[in-house]
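In what follows, a single structure is set out as structure tokens and then discussed.
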Amino acid sequence: MSRVNDLFGTSLQVTNIGLEIFRDTLKQQHVSTVHVGWRPPAEGNVLLAQLLDRMDTQVIEQANQLAFERINVAEPMLTGVKYAHEVLAEIDRWTVGHAGPPLVWSDMCGPLKGAVLGALVYEGLASTLAEAEAHVLSGRVKFVSNHALGAVGPMTGMITYSMPLWEVTNTTFGNVAYCTFNEGLGKVMRFGANGPEVIDRLRWMEKVLAPALQSALALSGPLSMKVIMAKALAMGDEMHQRNTGATSLFIREIMKHVVRVVSNQDQLAQIAEFITGNDQFFLNLAMASGKAIMDPVKNIPNCTVVTAMSRNGTRFGIKISALGDRWFEAPVNQPKGLYFPGYTEDDANPDIGDSAITETFGIGGFAMGSSPAVVRFVGASSIDEAIAYSKEMQEICVGLSPHYILPTMNFIGTATGIDVRKVVQSGSLPVINTGMAHKQPGIGQVGAGIVKAPYACFTQALEAFAETMDLT
């Protein structure tokens, strides 16, 4: 009895397992508490837990290590500027490439529809948005997922016949990937805007900006995207929503050649103002680099590493190595974040864009802990929360990058190589930094935030993978 009385006379030291609400309640009462973030395996799904338990761990981990090595030895180099019709075999004047898994017009969200109509006007296939919609409804327009083209595009992801593209070559494996140019922020086609100023800007990029950059790259030779991205992480970028450092580094490399190839001083001033006034200019280069890095990871037998994550505003899709180009899809989630003045969550479209390719190879939301300046912009509460996200991502990945380093986290590498098994087992979901488009076509960007991939994509992929191992 005396020992029980002694217990009541000492300060409580509590270990809380599972639900955080109990920890929070104890903290409010100033009780010393250690929290253990335990969850039931596979979110309590017995079938999935059994599949995980029966998998040949040694075989899978050997395959995943090969994928991890391919990511780490990749050398993404900016090798040129090309036009879509020159390099994308499936693109003709009536084909529109879009972000995310394939979908039909009737399933498209507002900003994606708005961007499609604007793209048809940009291509000169229609003089009005109404005429463009009539072409779509007639069945004349063909839609294709950018990933099927060997390309990516942010947000709505529009890629059409005349658009200039960055060409990034993974010189380790010889594969190439493409991405459009970044238009800047606000009323831009990637956020669903389609007014005259949007079309005029795209045509200027096609006819003035692209030739200048094409000629400048011919002088500079290939530029290492890996070097720029590694340096930018040390400058506080995560390279999805914050590209200030990366854009500055790229400007330093390219502008000294642009001034040598552009003789028209008015055009030179326009180019300099456009690039230097757009902190997000490097985003599209990071995306093309991510695509070039991850494509050689596809089709490794027994490999559960995610090779692509993307969303079309309606569905979120992932691919995993062992199952090649097969999409596993679920409804997209609604980002949480900060809105521009005058807008609220009611205005925002659900998650959209190919830009989650950045998180797929370990930057973006996975590197948020190294980007204090992006924290408030995407609505995170503190740098501690951002670091917690980056640490959580380590739990679902094969390893830590030896090249992409997080100075604010004691110089550890970014979490690299998302493992479907670990996502399903732990219930921890990939975190993505993202912009937010207005749900109505033609308006544009309304904010920026954070979103997580839907769990169902990963459970579907795991079940399909289990079939390849004769476990179902």
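Just remember, in the structure tokens the first chain shown is A, the second B, etc., residues are 1-based per chain, and ligands are 1-based in the order shown.
Excluding Leu78 in chain A itself and same-chain residues fewer than 5 positions from it, the residues having an atom within 6 Å of it are Val168, Pro222 and Leu223 of chain A, counting only C-alpha atoms.
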Would you output that residue set with C-alpha atoms, as a PDB file, in the first residue's frame?
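The result, stored in again_16.pdb:
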ATOM      1  CA  VAL A 168      16.663  17.581 -70.135  1.00  0.00           C
ATOM      2  CA  PRO A 222      24.680  21.517 -71.457  1.00  0.00           C
ATOM      3  CA  LEU A 223      23.993  22.808 -67.946  1.00  0.00           C
TER       4      LEU A 223
END
request  = Find the spatial neighbours of range 45-49 of chain A, counting only C-alpha atoms, within a cut-off of 10 Å - ignore same-chain residues fewer than 5 positions away - and output them as JSON, numbers by chain.
outcome  = {"A": [40, 54, 421, 424, 425, 459, 462, 463, 466, 472]}
Those same residues, written as an mmCIF file, in the first residue's frame with C-alpha atoms?
data_model
loop_
_atom_site.group_PDB
_atom_site.id
_atom_site.type_symbol
_atom_site.label_atom_id
_atom_site.label_comp_id
_atom_site.auth_asym_id
_atom_site.auth_seq_id
_atom_site.Cartn_x
_atom_site.Cartn_y
_atom_site.Cartn_z
ATOM 1 C CA PRO A 40 -2.003 -0.402 -36.671
ATOM 2 C CA ARG A 54 3.946 -12.663 -47.106
ATOM 3 C CA ARG A 421 5.021 -1.005 -49.027
ATOM 4 C CA VAL A 424 0.708 1.230 -46.879
ATOM 5 C CA GLN A 425 2.339 -0.239 -43.775
ATOM 6 C CA THR A 459 -3.182 0.195 -51.618
ATOM 7 C CA LEU A 462 0.341 -2.874 -53.537
ATOM 8 C CA GLU A 463 -2.470 -5.290 -54.361
ATOM 9 C CA ALA A 466 1.145 -8.737 -54.918
ATOM 10 C CA THR A 472 -3.435 -13.110 -54.080
#
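Interatomic distance, CA of Asn170 in chain A to CA of Ile293 in chain A: 6.5 Å.
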Shell of 8 Å around Met409 in chain A, only C-alpha atoms, local chain residues under 5 positions omitted, as a ChimeraX atom specification = /A:369-370,387
Suppose we keep C-alpha atoms; can you now write the selection as a PDB file, in the first residue's frame?
ATOM      1  CA  GLY A 369      12.497  21.230 -43.777  1.00  0.00           C
ATOM      2  CA  SER A 370      15.301  23.016 -45.613  1.00  0.00           C
ATOM      3  CA  ILE A 387      11.079  19.608 -40.558  1.00  0.00           C
TER       4      ILE A 387
END
request  = Find the residues around Thr244 in chain A up to 9 Å (only C-alpha atoms counted), leave out those fewer than 2 positions away in its own chain, and share them as a list in words.
outcome  = Ala232, Met235, Gly236, Asp237, Met239, Arg242, Ala246, Thr247, Ser248, Leu249, Asn278, Asp279, Gln280, Phe281 and Phe282 of chain A
task = Would you mind listing what lies within 10 Å of Asn302 in chain A as a PyMOL selection string, with only C-alpha atoms counted and same-chain residues fewer than 6 positions away left out?
result = chain A and resi 56-57+59-64+321-323+465-466+468-469
inquiry  = Here is a test: counting only C-alpha atoms, which residue of A:Ser289, A:Ser382, A:Gln65, A:Ser32 is nearest to Ser355 in chain A?
reply    = A:Ser289
query = Between CA of Thr434 in chain A and CA of Val451 in chain A, what is the distance, to one decimal in Å?
reply = 7.2 Å
ask   = Which residue out of A:Thr180, A:Ser390, A:Ser428, A:Ser127 has the minimum interatomic distance to Met155 in chain A when only C-alpha atoms are used?
value = A:Thr180
query = So which residues touch range 85-91 of chain A within 8 Å, counting only C-alpha atoms, skipping near sequence neighbours fewer than 4 positions away, as an NGL selection string?
reply = :A and (95-97 or 149-150 or 160-162)
ask   = In Å, how far is it from CA of Thr156 in chain A to CA of Lys113 in chain A?
value =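 CA of Lys113 in chain A lies at a distance of 8.8 Å from CA of Thr156 in chain A.
Distances to Ala84 in chain A were evaluated for A:Gly110, A:Pro164, A:Gly186, A:Gly362 using only C-alpha atoms, and the minimum falls at A:Pro164.
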query = Contacts of Pro341 in chain A at 10 Å or less, counting only C-alpha atoms, minus same-chain residues fewer than 3 places along, as a PyMOL selection string?
reply = chain A and resi 338+344+446-447
key: Residues flagged alpha helix (DSSP H) by DSSP in range 103-279 of chain A, as a ChimeraX atom specification   = /A:110-122,129-137,196-204,210-220,225-234,244-261,265-276
key: Counting only C-alpha atoms, the option among A:Phe366, A:Trp105, A:Trp204, A:Phe173 closest to Val144 in chain A   = A:Trp105
inquiry  = Measuring between only C-alpha atoms, which one of A:Gly342, A:Gly364, A:Gly174, A:Pro296 shows the shortest distance to Gly324 in chain A?
reply    =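 Nearest candidate to Gly324 in chain A out of A:Gly342, A:Gly364, A:Gly174, A:Pro296: A:Pro296.
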